[in-house]
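Heads up, input.cif below (mmCIF, C-alpha atoms):
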```cif
data_upload
loop_
_atom_site.label_atom_id
_atom_site.label_comp_id
_atom_site.auth_asym_id
_atom_site.auth_seq_id
_atom_site.Cartn_x
_atom_site.Cartn_y
_atom_site.Cartn_z
CA MET W 1 -8.47 -12.57 12.73
CA LYS W 2 -11.34 -10.72 11.11
CA GLN W 3 -12.36 -11.76 7.61
CA PHE W 4 -12.94 -8.98 5.09
CA THR W 5 -15.18 -8.88 2.06
CA THR W 6 -14.08 -8.86 -1.55
CA ARG W 7 -15.08 -5.22 -1.94
CA GLN W 8 -13.00 -4.13 1.06
CA ILE W 9 -9.83 -5.89 -0.11
CA ALA W 10 -10.30 -4.57 -3.65
CA LEU W 11 -10.60 -1.00 -2.36
CA LEU W 12 -7.55 -1.52 -0.15
CA GLY W 13 -5.61 -2.70 -3.21
CA VAL W 14 -6.67 0.40 -5.15
CA LEU W 15 -5.58 2.55 -2.23
CA MET W 16 -2.13 0.97 -2.02
CA GLU W 17 -1.54 1.06 -5.78
CA VAL W 18 -2.81 4.58 -6.41
CA GLY W 19 -2.47 6.42 -3.07
CA ILE W 20 1.04 7.89 -3.39
CA THR W 21 1.60 7.07 -7.07
CA ILE W 22 -0.64 9.88 -8.32
CA ILE W 23 1.25 12.63 -6.49
CA HIS W 24 4.31 13.06 -8.72
CA THR W 25 4.91 9.82 -10.68
CA PRO W 26 2.77 10.91 -13.71
CA ALA W 27 5.22 13.75 -14.26
CA GLN W 28 8.14 11.32 -14.43
CA ALA W 29 6.23 9.07 -16.82
CA ALA W 30 5.47 12.03 -19.10
CA ASP W 31 9.09 13.15 -18.96
CA TYR W 32 10.26 9.89 -20.56
CA ALA W 33 7.26 8.56 -22.50
CA ASN W 34 5.89 11.97 -23.64
CA GLN W 35 2.37 11.62 -25.07
CA HIS W 36 2.33 7.85 -24.44
CA ALA W 37 2.80 8.17 -20.68
CA TYR W 38 -0.42 6.31 -19.99
CA TRP W 39 1.19 3.15 -21.42
CA THR W 40 3.64 3.14 -18.51
CA CYS W 41 0.81 2.29 -16.10
CA ILE W 42 -0.29 -0.64 -18.24
CA ILE W 43 3.21 -2.09 -18.60
CA ALA W 44 3.91 -1.78 -14.87
CA ALA W 45 0.56 -3.45 -14.14
CA ILE W 46 1.43 -6.38 -16.43
CA VAL W 47 4.71 -6.90 -14.55
CA LEU W 48 2.84 -6.96 -11.22
CA CYS W 49 0.51 -9.72 -12.39
CA LEU W 50 3.18 -12.38 -11.80
CA PRO W 51 3.85 -11.60 -8.09
CA ILE W 52 0.11 -11.22 -7.44
CA TRP W 53 -0.45 -14.69 -8.91
CA ALA W 54 2.35 -16.09 -6.73
CA MET W 55 0.88 -14.43 -3.63
CA LEU W 56 -2.55 -15.90 -4.35
CA ARG W 57 -1.09 -19.39 -4.63
CA LEU W 58 0.95 -18.85 -1.48
CA LYS W 59 -1.93 -17.49 0.59
CA ARG W 60 -3.97 -20.65 -0.06
CA ARG W 61 -1.51 -22.50 2.13
CA PHE W 62 -2.06 -20.12 5.06
CA PRO W 63 -5.81 -19.39 5.13
CA GLU W 64 -5.81 -18.28 8.78
CA GLN W 65 -2.55 -16.32 8.75
CA ASP W 66 -1.05 -13.31 7.08
CA LEU W 67 2.20 -13.66 5.15
CA MET W 68 4.42 -12.59 8.03
CA GLN W 69 2.87 -15.19 10.32
CA GLY W 70 3.43 -17.83 7.64
CA MET W 71 7.09 -16.87 7.30
CA VAL W 72 7.73 -17.12 11.03
CA SER W 73 5.71 -20.31 11.61
CA THR W 74 7.33 -22.16 8.70
CA HIS W 75 10.96 -21.14 9.30
CA PRO W 76 11.36 -19.56 12.76
CA VAL W 77 14.97 -18.42 12.27
CA LEU W 78 15.24 -17.73 8.54
CA GLY W 79 11.71 -16.32 8.53
CA ARG W 80 12.59 -13.77 11.20
CA LEU W 81 15.78 -12.81 9.36
CA LEU W 82 13.85 -12.22 6.15
CA LEU W 83 11.18 -10.38 8.12
CA ALA W 84 13.89 -8.09 9.53
CA VAL W 85 14.86 -7.15 5.96
CA TYR W 86 11.23 -6.47 5.10
CA LEU W 87 10.93 -4.40 8.28
CA ILE W 88 13.67 -2.08 7.01
CA LEU W 89 11.94 -1.92 3.63
CA PHE W 90 8.57 -1.06 5.20
CA LEU W 91 10.23 1.61 7.35
CA ILE W 92 11.79 3.26 4.29
CA ILE W 93 8.45 3.18 2.47
CA PHE W 94 6.76 4.80 5.46
CA ALA W 95 9.47 7.48 5.71
CA ARG W 96 9.29 8.15 1.96
CA ASP W 97 5.52 8.52 1.91
CA LEU W 98 5.49 10.64 5.06
CA ARG W 99 8.06 12.99 3.49
CA ILE W 100 6.04 13.23 0.28
CA ILE W 101 2.76 14.08 1.98
CA THR W 102 4.53 16.49 4.35
CA ASP W 103 5.99 18.46 1.47
CA LEU W 104 2.65 18.41 -0.35
CA VAL W 105 0.75 19.82 2.64
CA GLU W 106 3.48 22.28 3.56
CA ILE W 107 3.95 23.72 0.06
CA LEU W 108 0.37 23.76 -1.19
CA LEU W 109 -1.79 24.11 1.91
CA LEU W 110 0.25 25.35 4.91
CA PRO W 111 3.20 27.35 3.53
CA LEU W 112 3.68 29.43 6.70
CA THR W 113 3.82 26.44 9.08
CA PRO W 114 7.27 24.90 9.81
CA ILE W 115 7.70 21.61 8.04
CA VAL W 116 8.65 19.72 11.22
CA ILE W 117 5.36 20.80 12.82
CA VAL W 118 3.37 19.72 9.76
CA SER W 119 5.06 16.33 9.75
CA LEU W 120 4.47 15.90 13.49
CA ILE W 121 0.76 16.68 13.14
CA LEU W 122 0.47 14.17 10.33
CA LEU W 123 2.34 11.60 12.40
CA LEU W 124 -0.12 11.97 15.28
CA THR W 125 -2.99 11.34 12.89
CA LEU W 126 -1.27 8.30 11.42
CA ALA W 127 -0.43 6.86 14.84
CA PHE W 128 -4.04 6.97 16.04
CA MET W 129 -5.12 5.49 12.73
CA ALA W 130 -2.67 2.58 12.97
CA LYS W 131 -3.56 1.92 16.62
CA GLY W 132 -7.14 1.33 15.50
CA GLY W 133 -5.99 -1.72 13.54
CA ILE W 134 -6.43 -2.86 10.00
CA SER W 135 -10.22 -2.84 10.37
CA THR W 136 -10.19 0.93 10.93
CA ILE W 137 -7.97 1.49 7.91
CA VAL W 138 -10.11 -0.73 5.69
CA ASN W 139 -13.25 1.11 6.78
CA MET W 140 -11.60 4.44 5.95
CA SER W 141 -10.64 3.18 2.51
CA GLU W 142 -14.30 2.30 1.93
CA ILE W 143 -15.12 5.97 2.43
CA PHE W 144 -12.38 7.85 0.61
CA VAL W 145 -11.46 5.55 -2.29
CA PRO W 146 -14.97 5.53 -3.84
CA LEU W 147 -15.11 9.32 -3.44
CA GLY W 148 -11.80 9.66 -5.25
CA ILE W 149 -12.95 7.38 -8.06
CA ALA W 150 -16.22 9.31 -8.41
CA THR W 151 -14.29 12.60 -8.54
CA LEU W 152 -12.04 11.31 -11.31
CA LEU W 153 -14.94 9.98 -13.36
CA THR W 154 -16.79 13.30 -13.17
CA MET W 155 -13.77 15.43 -14.14
CA PRO W 156 -14.36 15.14 -17.92
CA LEU W 157 -17.78 16.73 -17.44
CA PHE W 158 -16.17 19.85 -15.97
CA PHE W 159 -13.18 20.11 -18.31
CA GLY W 160 -15.12 19.77 -21.56
CA ARG W 161 -13.42 21.92 -24.20
CA ASN W 162 -10.18 22.17 -22.17
CA MET W 163 -9.18 18.68 -23.29
CA ASP W 164 -7.02 18.72 -26.41
CA PHE W 165 -6.71 15.28 -28.02
CA SER W 166 -4.14 16.51 -30.53
CA VAL W 167 -1.43 16.29 -27.84
CA LEU W 168 -1.55 12.47 -28.13
CA ARG W 169 -0.33 12.48 -31.73
CA PRO W 170 1.18 10.33 -33.14
CA TYR W 171 -1.12 7.77 -31.57
CA LEU W 172 0.44 4.54 -32.88
CA HIS W 173 4.14 5.39 -32.80
CA PRO W 174 5.30 5.32 -29.17
CA GLU W 175 8.92 5.79 -28.20
CA VAL W 176 9.71 2.33 -26.82
CA ASP W 177 12.81 3.38 -24.89
CA GLY W 178 10.98 6.25 -23.19
CA VAL W 179 7.95 4.10 -22.35
CA ILE W 180 10.19 1.48 -20.70
CA LYS W 181 11.98 4.12 -18.63
CA GLY W 182 8.69 5.66 -17.58
CA SER W 183 7.31 2.23 -16.68
CA TRP W 184 10.36 1.62 -14.51
CA ARG W 185 9.57 4.74 -12.44
CA MET W 186 5.88 3.89 -12.28
CA LEU W 187 6.55 0.32 -11.12
CA GLY W 188 8.43 1.51 -8.04
CA TYR W 189 5.27 3.08 -6.60
CA MET W 190 2.58 0.79 -8.02
CA ALA W 191 4.33 -2.17 -6.37
CA ASP W 192 3.03 -0.99 -2.98
CA ILE W 193 -0.04 -3.10 -3.70
CA MET W 194 2.08 -6.12 -2.76
CA MET W 195 1.96 -4.99 0.87
CA VAL W 196 -1.66 -6.13 1.17
CA PRO W 197 -0.90 -9.89 1.57
CA PHE W 198 1.44 -9.10 4.46
CA VAL W 199 -1.46 -7.97 6.66
CA ILE W 200 -4.51 -9.78 5.21
CA PRO W 201 -5.19 -13.48 5.96
CA GLY W 202 -5.49 -15.98 3.16
CA LYS W 203 -9.27 -16.34 3.45
CA SER W 204 -9.82 -12.66 2.66
CA TYR W 205 -7.07 -12.28 0.05
CA ASN W 206 -8.71 -14.25 -2.73
CA GLY W 207 -8.46 -14.05 -6.50
CA ARG W 208 -11.49 -11.84 -7.05
CA SER W 209 -10.42 -9.18 -4.57
CA ALA W 210 -6.76 -9.14 -5.66
CA TRP W 211 -7.37 -8.99 -9.42
CA PHE W 212 -10.29 -6.59 -9.23
CA GLY W 213 -8.31 -4.21 -7.01
CA HIS W 214 -5.29 -4.39 -9.32
CA LEU W 215 -7.31 -3.78 -12.48
CA SER W 216 -9.30 -0.95 -10.88
CA GLY W 217 -6.13 0.75 -9.63
CA THR W 218 -4.51 0.46 -13.07
CA ALA W 219 -7.57 1.90 -14.79
CA PHE W 220 -7.60 4.77 -12.28
CA LEU W 221 -3.97 5.62 -13.03
CA VAL W 222 -4.44 5.37 -16.80
CA LEU W 223 -7.40 7.76 -16.70
CA LEU W 224 -5.56 10.20 -14.44
CA VAL W 225 -2.40 10.30 -16.57
CA LEU W 226 -4.42 10.54 -19.77
CA MET W 227 -6.52 13.39 -18.41
CA SER W 228 -3.41 15.21 -17.19
CA GLU W 229 -1.97 15.04 -20.68
CA LEU W 230 -5.16 16.27 -22.32
CA VAL W 231 -5.73 19.21 -19.95
CA ILE W 232 -2.27 20.32 -18.82
CA GLY W 233 -0.23 19.24 -21.84
CA VAL W 234 2.84 17.03 -22.01
CA PRO W 235 5.52 19.83 -21.96
CA ILE W 236 4.09 21.34 -18.77
CA LEU W 237 3.16 18.02 -17.18
CA SER W 238 6.72 16.71 -17.34
CA ARG W 239 7.99 19.73 -15.37
CA LEU W 240 5.55 19.60 -12.44
CA PHE W 241 6.18 18.12 -9.02
CA TYR W 242 2.48 17.74 -8.21
CA PRO W 243 0.70 17.19 -11.55
CA SER W 244 -2.45 15.74 -9.98
CA PHE W 245 -2.91 18.84 -7.83
CA GLU W 246 -2.37 21.07 -10.86
CA LEU W 247 -5.00 19.05 -12.72
CA VAL W 248 -7.47 19.67 -9.91
CA ARG W 249 -6.73 23.38 -9.98
CA GLN W 250 -8.08 23.51 -13.52
CA LEU W 251 -11.56 22.66 -12.19
CA GLN W 252 -13.78 25.74 -12.10
CA LEU W 253 -17.50 25.33 -11.61
CA THR W 254 -18.51 28.98 -11.69
CA ASP W 255 -16.89 32.42 -11.64
CA PHE W 256 -17.17 32.81 -7.89
CA LEU W 257 -16.18 29.19 -7.07
CA ASP W 258 -12.72 29.24 -8.65
CA ARG W 259 -11.02 27.40 -5.75
CA PHE W 260 -12.88 24.14 -6.19
CA ASP W 261 -9.52 22.42 -5.74
CA LEU W 262 -9.80 22.98 -1.99
CA PHE W 263 -12.86 20.76 -1.83
CA VAL W 264 -11.12 18.06 -3.83
CA SER W 265 -8.03 18.35 -1.62
CA ALA W 266 -10.22 17.83 1.42
CA LEU W 267 -11.03 14.40 -0.05
CA THR W 268 -7.64 13.41 -1.45
CA VAL W 269 -5.40 14.31 1.51
CA PRO W 270 -7.25 11.89 3.88
CA THR W 271 -6.85 9.26 1.16
CA PHE W 272 -3.09 9.80 1.14
CA LEU W 273 -3.02 9.64 4.94
CA THR W 274 -4.95 6.36 4.90
CA LYS W 275 -2.35 4.84 2.59
CA ILE W 276 0.49 5.98 4.84
CA GLY W 277 -1.47 4.62 7.81
CA VAL W 278 -1.21 1.21 6.15
CA ASP W 279 2.57 1.70 5.89
CA LEU W 280 2.81 2.43 9.61
CA TYR W 281 0.55 -0.49 10.50
CA VAL W 282 2.56 -2.95 8.38
CA THR W 283 5.83 -1.77 9.92
CA SER W 284 4.48 -2.09 13.47
CA LEU W 285 3.00 -5.50 12.68
CA ALA W 286 6.37 -6.69 11.37
CA VAL W 287 7.92 -5.86 14.76
CA LYS W 288 5.16 -7.78 16.52
CA ARG W 289 5.61 -10.83 14.28
CA MET W 290 9.36 -10.86 14.92
CA PHE W 291 8.97 -10.65 18.71
CA ALA W 292 5.81 -12.46 19.77
CA GLN W 293 5.93 -11.11 23.30
CA THR W 294 5.63 -7.48 22.19
CA TRP W 295 2.33 -5.59 22.31
CA GLY W 296 1.44 -4.49 18.79
CA SER W 297 -0.40 -1.27 19.62
CA LEU W 298 2.47 -0.07 21.82
CA MET W 299 4.92 -0.37 18.92
CA VAL W 300 3.04 2.19 16.81
CA TRP W 301 4.47 5.22 18.60
CA PRO W 302 8.19 4.28 18.59
CA VAL W 303 7.98 3.00 15.01
CA GLY W 304 6.18 6.19 13.95
CA LEU W 305 8.80 8.39 15.62
CA LEU W 306 11.58 6.39 13.98
CA GLY W 307 9.93 6.86 10.58
CA TYR W 308 9.48 10.57 11.37
CA VAL W 309 13.23 10.93 11.97
CA CYS W 310 14.14 8.82 8.93
CA SER W 311 11.91 10.91 6.69
CA PHE W 312 14.18 13.92 7.28
CA MET W 313 17.45 11.99 7.49
CA LEU W 314 17.00 10.01 4.28
CA PHE W 315 15.35 12.73 2.16
CA SER W 316 16.21 16.36 2.75
CA ASN W 317 13.76 17.59 0.08
CA ILE W 318 11.27 16.34 -2.48
CA VAL W 319 13.85 16.54 -5.30
CA GLN W 320 15.86 13.71 -3.74
CA ILE W 321 12.77 11.48 -3.68
CA TYR W 322 12.11 12.42 -7.30
CA ASP W 323 15.64 11.46 -8.35
CA PHE W 324 15.73 8.34 -6.18
CA SER W 325 12.91 6.69 -8.15
CA ARG W 326 15.29 4.91 -10.53
CA GLU W 327 17.26 3.12 -7.81
CA TRP W 328 14.21 2.59 -5.63
CA THR W 329 12.43 0.58 -8.34
CA ALA W 330 15.29 -1.94 -8.34
CA VAL W 331 14.72 -2.54 -4.61
CA MET W 332 10.98 -2.98 -5.13
CA VAL W 333 11.55 -5.42 -7.99
CA ILE W 334 13.72 -7.60 -5.75
CA PHE W 335 11.40 -7.71 -2.74
CA PHE W 336 7.94 -7.26 -4.27
CA VAL W 337 8.29 -8.86 -7.71
CA LEU W 338 10.93 -11.60 -7.45
CA MET W 339 10.75 -12.48 -3.75
CA PRO W 340 7.04 -13.55 -3.87
CA LEU W 341 8.03 -16.22 -6.39
CA VAL W 342 10.78 -17.44 -4.06
CA LEU W 343 8.41 -17.47 -1.08
CA TRP W 344 5.83 -19.39 -3.11
CA MET W 345 8.40 -22.13 -3.73
CA LEU W 346 9.79 -22.24 -0.18
CA LEU W 347 6.97 -21.55 2.28
CA ARG W 348 4.81 -24.55 3.06
CA PRO W 349 2.83 -25.18 6.25
CA LYS W 350 4.22 -27.80 8.57
CA SER W 351 2.40 -31.14 8.44
CA LYS W 352 2.42 -33.86 11.08
CA GLY W 353 4.51 -36.90 10.21
CA SER W 354 2.80 -40.24 9.60
CA GLY W 355 5.48 -42.12 11.55
CA ASN W 356 4.25 -40.70 14.84
CA ASP W 357 0.68 -41.97 14.55
CA GLY W 358 1.22 -44.77 17.05
CA LYS W 359 2.81 -42.41 19.53
CA SER W 360 0.07 -39.88 19.08
CA SER W 361 -2.65 -42.49 19.61
CA SER W 362 -1.04 -43.79 22.80
CA SER W 363 -0.49 -40.29 24.07
CA GLY W 364 -4.12 -39.53 23.21
CA LYS W 365 -5.22 -42.46 25.36
CA ARG W 366 -3.08 -41.23 28.25
CA ASP W 367 -4.48 -37.73 27.85
CA SER W 368 -8.06 -39.05 27.90
CA SER W 369 -7.41 -41.07 31.06
CA ASN W 370 -5.77 -38.07 32.70
CA GLN W 371 -8.74 -35.92 31.74
CA GLN W 372 -11.12 -38.44 33.38
CA GLU W 373 -9.10 -38.43 36.57
CA THR W 374 -8.98 -34.65 36.56
CA HIS W 375 -12.72 -34.47 36.02
CA GLN W 376 -13.38 -36.81 38.95
CA GLY W 377 -11.03 -34.83 41.16
CA SER W 378 -12.73 -31.58 40.21
CA GLN W 379 -16.11 -33.03 41.13
CA GLN W 380 -14.79 -34.07 44.56
CA GLY W 381 -13.18 -30.69 45.02
CA SER W 382 -16.35 -28.88 44.10
CA GLY W 383 -18.30 -31.03 46.55
CA THR W 384 -15.92 -30.16 49.41
CA GLY W 385 -16.05 -26.56 48.36
CA ARG W 386 -19.79 -26.46 48.61
CA THR W 387 -19.71 -27.99 52.05
CA SER W 388 -17.14 -25.49 53.30
CA LEU W 389 -19.25 -22.56 52.08
#
```
Represent the structure from my file as structure tokens, please.
Amino acid sequence: MKQFTTRQIALLGVLMEVGITIIHTPAQAADYANQHAYWTCIIAAIVLCLPIWAMLRLKRRFPEQDLMQGMVSTHPVLGRLLLAVYLILFLIIFARDLRIITDLVEILLLPLTPIVIVSLILLLTLAFMAKGGISTIVNMSEIFVPLGIATLLTMPLFFGRNMDFSVLRPYLHPEVDGVIKGSWRMLGYMADIMMVPFVIPGKSYNGRSAWFGHLSGTAFLVLLVLMSELVIGVPILSRLFYPSFELVRQLQLTDFLDRFDLFVSALTVPTFLTKIGVDLYVTSLAVKRMFAQTWGSLMVWPVGLLGYVCSFMLFSNIVQIYDFSREWTAVMVIFFVLMPLVLWMLLRPKSKGSGNDGKSSSSGKRDSSNQQETHQGSQQGSGTGRTSL
């Protein structure tokens, strides 16, 4: 399995934590926390520190394997049963994200195209992306994630006087109940960063890459939510389905270039697709880990079509996804916050018993003698072969 650098894993973590979260979750955070919506990102990030720590300790035990391989190799039966539950979870995440990006493209970019056609085109792109493997996805994240970060950091230069800091008053008196409710919605999407250990081996998923990716993703979300509040305003922000896109629409470089948002969308939509490509890859890899005889690349198409159907069966419109955030966070807390702690206590690599040393040494002697006999026989066979030729 290929080993990745610290920078690549950190960018992949930023992609998974930020990719779909920025689409409509800031509006939910502002709806509950009002002017202190940016605190919801920080609180959700603090909660995720515990499962990330548990994953780092767990991955040290399986340096050459991803988490799904470790589950199956340690407990073949119970590991596959737990992996089946995670497979359903990954499929729902893929269907949810595919439905979100389909509605975003269909409403904002291609309003005259039927939604089933838009979703099918996106699925074809995701399938080819997932068939390329995790290396292709990581290389794509190296392109689009830095561009997205650079775009966010340069936004204050273009907004200038449009930012109104008075909307953050009172600064030091947050509504605790609203901040907790907003953090609950934010946690359900930020927890996607916990999918990274499922596909990355332990050698690549180290402390520097995991923590740097988590901190960078949290800082990205805090800046985005804070800028949305300063430019759009809290009353309007809490009533938008796509607040990040509305923030981009406020960018105007000159009088004749008033649709600068199209250029930014050309960068952000591939970023969203790369994140959903990870969802499809993880789901297909889970099927391969459950059934070792299956061919991983061949599972991309049926899994993608299943997610395509589930995206319309589970969510008929974007409002249902918006309202489902409260219940969905409870599922993510169970499997991505609490379950890593359980796996850290249970999963341990199998070690050879010390009582079988004598048997292993005697069997090693027999194997060495058999290898000598086989070597002599091969030499005789090669000599007869040369004479026959």
Go through the shown structure with the PyMOL selection byres ((chain W and resi 279) around 12) and write out the matching residues as a PDB file with C-alpha atoms, in the coordinates of the input.
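Saved the output as result-v1.pdb:
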```
ATOM      1  CA  LEU W  15      -5.580   2.550  -2.230  1.00  0.00           C
ATOM      2  CA  MET W  16      -2.130   0.970  -2.020  1.00  0.00           C
ATOM      3  CA  GLY W  19      -2.470   6.420  -3.070  1.00  0.00           C
ATOM      4  CA  ILE W  20       1.040   7.890  -3.390  1.00  0.00           C
ATOM      5  CA  TYR W  86      11.230  -6.470   5.100  1.00  0.00           C
ATOM      6  CA  LEU W  87      10.930  -4.400   8.280  1.00  0.00           C
ATOM      7  CA  ILE W  88      13.670  -2.080   7.010  1.00  0.00           C
ATOM      8  CA  LEU W  89      11.940  -1.920   3.630  1.00  0.00           C
ATOM      9  CA  PHE W  90       8.570  -1.060   5.200  1.00  0.00           C
ATOM     10  CA  LEU W  91      10.230   1.610   7.350  1.00  0.00           C
ATOM     11  CA  ILE W  92      11.790   3.260   4.290  1.00  0.00           C
ATOM     12  CA  ILE W  93       8.450   3.180   2.470  1.00  0.00           C
ATOM     13  CA  PHE W  94       6.760   4.800   5.460  1.00  0.00           C
ATOM     14  CA  ALA W  95       9.470   7.480   5.710  1.00  0.00           C
ATOM     15  CA  ARG W  96       9.290   8.150   1.960  1.00  0.00           C
ATOM     16  CA  ASP W  97       5.520   8.520   1.910  1.00  0.00           C
ATOM     17  CA  LEU W  98       5.490  10.640   5.060  1.00  0.00           C
ATOM     18  CA  LEU W 123       2.340  11.600  12.400  1.00  0.00           C
ATOM     19  CA  LEU W 126      -1.270   8.300  11.420  1.00  0.00           C
ATOM     20  CA  ALA W 127      -0.430   6.860  14.840  1.00  0.00           C
ATOM     21  CA  MET W 129      -5.120   5.490  12.730  1.00  0.00           C
ATOM     22  CA  ALA W 130      -2.670   2.580  12.970  1.00  0.00           C
ATOM     23  CA  GLY W 133      -5.990  -1.720  13.540  1.00  0.00           C
ATOM     24  CA  ILE W 134      -6.430  -2.860  10.000  1.00  0.00           C
ATOM     25  CA  ILE W 137      -7.970   1.490   7.910  1.00  0.00           C
ATOM     26  CA  ASP W 192       3.030  -0.990  -2.980  1.00  0.00           C
ATOM     27  CA  ILE W 193      -0.040  -3.100  -3.700  1.00  0.00           C
ATOM     28  CA  MET W 194       2.080  -6.120  -2.760  1.00  0.00           C
ATOM     29  CA  MET W 195       1.960  -4.990   0.870  1.00  0.00           C
ATOM     30  CA  VAL W 196      -1.660  -6.130   1.170  1.00  0.00           C
ATOM     31  CA  PHE W 198       1.440  -9.100   4.460  1.00  0.00           C
ATOM     32  CA  VAL W 199      -1.460  -7.970   6.660  1.00  0.00           C
ATOM     33  CA  PHE W 272      -3.090   9.800   1.140  1.00  0.00           C
ATOM     34  CA  LEU W 273      -3.020   9.640   4.940  1.00  0.00           C
ATOM     35  CA  THR W 274      -4.950   6.360   4.900  1.00  0.00           C
ATOM     36  CA  LYS W 275      -2.350   4.840   2.590  1.00  0.00           C
ATOM     37  CA  ILE W 276       0.490   5.980   4.840  1.00  0.00           C
ATOM     38  CA  GLY W 277      -1.470   4.620   7.810  1.00  0.00           C
ATOM     39  CA  VAL W 278      -1.210   1.210   6.150  1.00  0.00           C
ATOM     40  CA  LEU W 280       2.810   2.430   9.610  1.00  0.00           C
ATOM     41  CA  TYR W 281       0.550  -0.490  10.500  1.00  0.00           C
ATOM     42  CA  VAL W 282       2.560  -2.950   8.380  1.00  0.00           C
ATOM     43  CA  THR W 283       5.830  -1.770   9.920  1.00  0.00           C
ATOM     44  CA  SER W 284       4.480  -2.090  13.470  1.00  0.00           C
ATOM     45  CA  LEU W 285       3.000  -5.500  12.680  1.00  0.00           C
ATOM     46  CA  ALA W 286       6.370  -6.690  11.370  1.00  0.00           C
ATOM     47  CA  VAL W 300       3.040   2.190  16.810  1.00  0.00           C
ATOM     48  CA  VAL W 303       7.980   3.000  15.010  1.00  0.00           C
ATOM     49  CA  GLY W 304       6.180   6.190  13.950  1.00  0.00           C
ATOM     50  CA  GLY W 307       9.930   6.860  10.580  1.00  0.00           C
TER      51      GLY W 307
END
```
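The closest residue to W:Ile318, picked from W:Phe241, W:Trp301, W:Phe291, W:Phe263 and counting all atoms listed in the file, is W:Phe241.
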Selection: 12 Å around W:Trp53, all atoms listed in the file, excl. self and same-chain fewer than 5 positions, as a CSV table (one decimal) with C-alpha atoms, in the coordinates of the input:
```
chain,number,residue,atom,x,y,z
W,46,ILE,CA,1.4,-6.4,-16.4
W,47,VAL,CA,4.7,-6.9,-14.6
W,48,LEU,CA,2.8,-7.0,-11.2
W,58,LEU,CA,1.0,-18.8,-1.5
W,59,LYS,CA,-1.9,-17.5,0.6
W,60,ARG,CA,-4.0,-20.6,-0.1
W,194,MET,CA,2.1,-6.1,-2.8
W,197,PRO,CA,-0.9,-9.9,1.6
W,205,TYR,CA,-7.1,-12.3,0.0
W,206,ASN,CA,-8.7,-14.2,-2.7
W,207,GLY,CA,-8.5,-14.0,-6.5
W,208,ARG,CA,-11.5,-11.8,-7.0
W,210,ALA,CA,-6.8,-9.1,-5.7
W,211,TRP,CA,-7.4,-9.0,-9.4
W,214,HIS,CA,-5.3,-4.4,-9.3
W,337,VAL,CA,8.3,-8.9,-7.7
W,338,LEU,CA,10.9,-11.6,-7.4
W,340,PRO,CA,7.0,-13.6,-3.9
W,341,LEU,CA,8.0,-16.2,-6.4
W,344,TRP,CA,5.8,-19.4,-3.1
```
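Here atom CA of W:Ser311 is placed at a distance of 5.4 Å from atom CA of W:Arg99.
If all atoms listed in the file are the atoms counted, then among W:Thr294, W:Lys350, W:Tyr189, W:Val234 the closest residue to W:Trp328 is W:Tyr189.
Shortest atom-to-atom contact with W:Glu17 among W:Leu226, W:Val231, W:Thr271, W:Ala33: W:Thr271, counting all atoms listed in the file.
Distance-wise, atom CA of W:Pro26 and atom CA of W:Val225 end up 5.9 Å apart.
A straight line drawn from atom CA of W:Leu56 to atom CA of W:Gly217 is 17.8 Å long.
In this comparison, which uses only C-alpha atoms, the residue of W:Asn317, W:Arg169, W:Glu175, W:Ser204 approaching W:Glu106 most closely is W:Asn317.
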Q.
What's around W:Gln3 at 8 Å? Count all atoms listed in the file, leave out sequence neighbours fewer than 2 positions away in its own chain, and write the answer as a list in words.
A. Met1, Thr5, Pro201, Lys203 and Ser204 of chain W
Q: Would you mind listing what lies within 12 Å of W:Tyr32 as a ChimeraX atom specification, with all atoms listed in the file counted and same-chain residues fewer than 6 positions away left out?
A: /W:25-26,38-40,174-186,234-235,237-239
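Using all atoms listed in the file, the protein and nucleic acid residues lying at most 10 Å from the point (7.3, -25.5, 4.7) are Arg61, Gly70, Met71, Ser73, Thr74, His75, Leu343, Met345, Leu346, Leu347, Arg348, Pro349, Lys350 and Ser351 of chain W.
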(Q) Can you spell out as a PyMOL selection string the set of residues that the PyMOL selection byres ((chain W and resi 83) around 9) selects in the structure I just provided? (A) chain W and resi 68+71-72+78-82+84-88+286-287+289-290
With C-alpha atoms retained, could you export that selection as a CSV table (one decimal), keeping the file's coordinate frame?
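selection11.csv, freshly written:
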```
chain,number,residue,atom,x,y,z
W,68,MET,CA,4.4,-12.6,8.0
W,71,MET,CA,7.1,-16.9,7.3
W,72,VAL,CA,7.7,-17.1,11.0
W,78,LEU,CA,15.2,-17.7,8.5
W,79,GLY,CA,11.7,-16.3,8.5
W,80,ARG,CA,12.6,-13.8,11.2
W,81,LEU,CA,15.8,-12.8,9.4
W,82,LEU,CA,13.8,-12.2,6.2
W,84,ALA,CA,13.9,-8.1,9.5
W,85,VAL,CA,14.9,-7.2,6.0
W,86,TYR,CA,11.2,-6.5,5.1
W,87,LEU,CA,10.9,-4.4,8.3
W,88,ILE,CA,13.7,-2.1,7.0
W,286,ALA,CA,6.4,-6.7,11.4
W,287,VAL,CA,7.9,-5.9,14.8
W,289,ARG,CA,5.6,-10.8,14.3
W,290,MET,CA,9.4,-10.9,14.9
```
Q.
Given all atoms listed in the file as the basis, pick out the residue of W:Gln69, W:Ser119, W:Thr6, W:Gln293 nearest to W:Cys310.
A. W:Ser119
Q: Excluding W:Leu152 and residues on its chain fewer than 5 positions from it, collect all residues at most 9 Å away from it, counting all atoms listed in the file, and give them as an MDAnalysis selection string.
A: chainID W and resid 147 220 223:224
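Of the residues listed (W:Phe4, W:Ala30, W:Ile100, W:Val77), W:Ile100 shows the shortest atom-to-atom separation from W:Gln320; distances use all atoms listed in the file.
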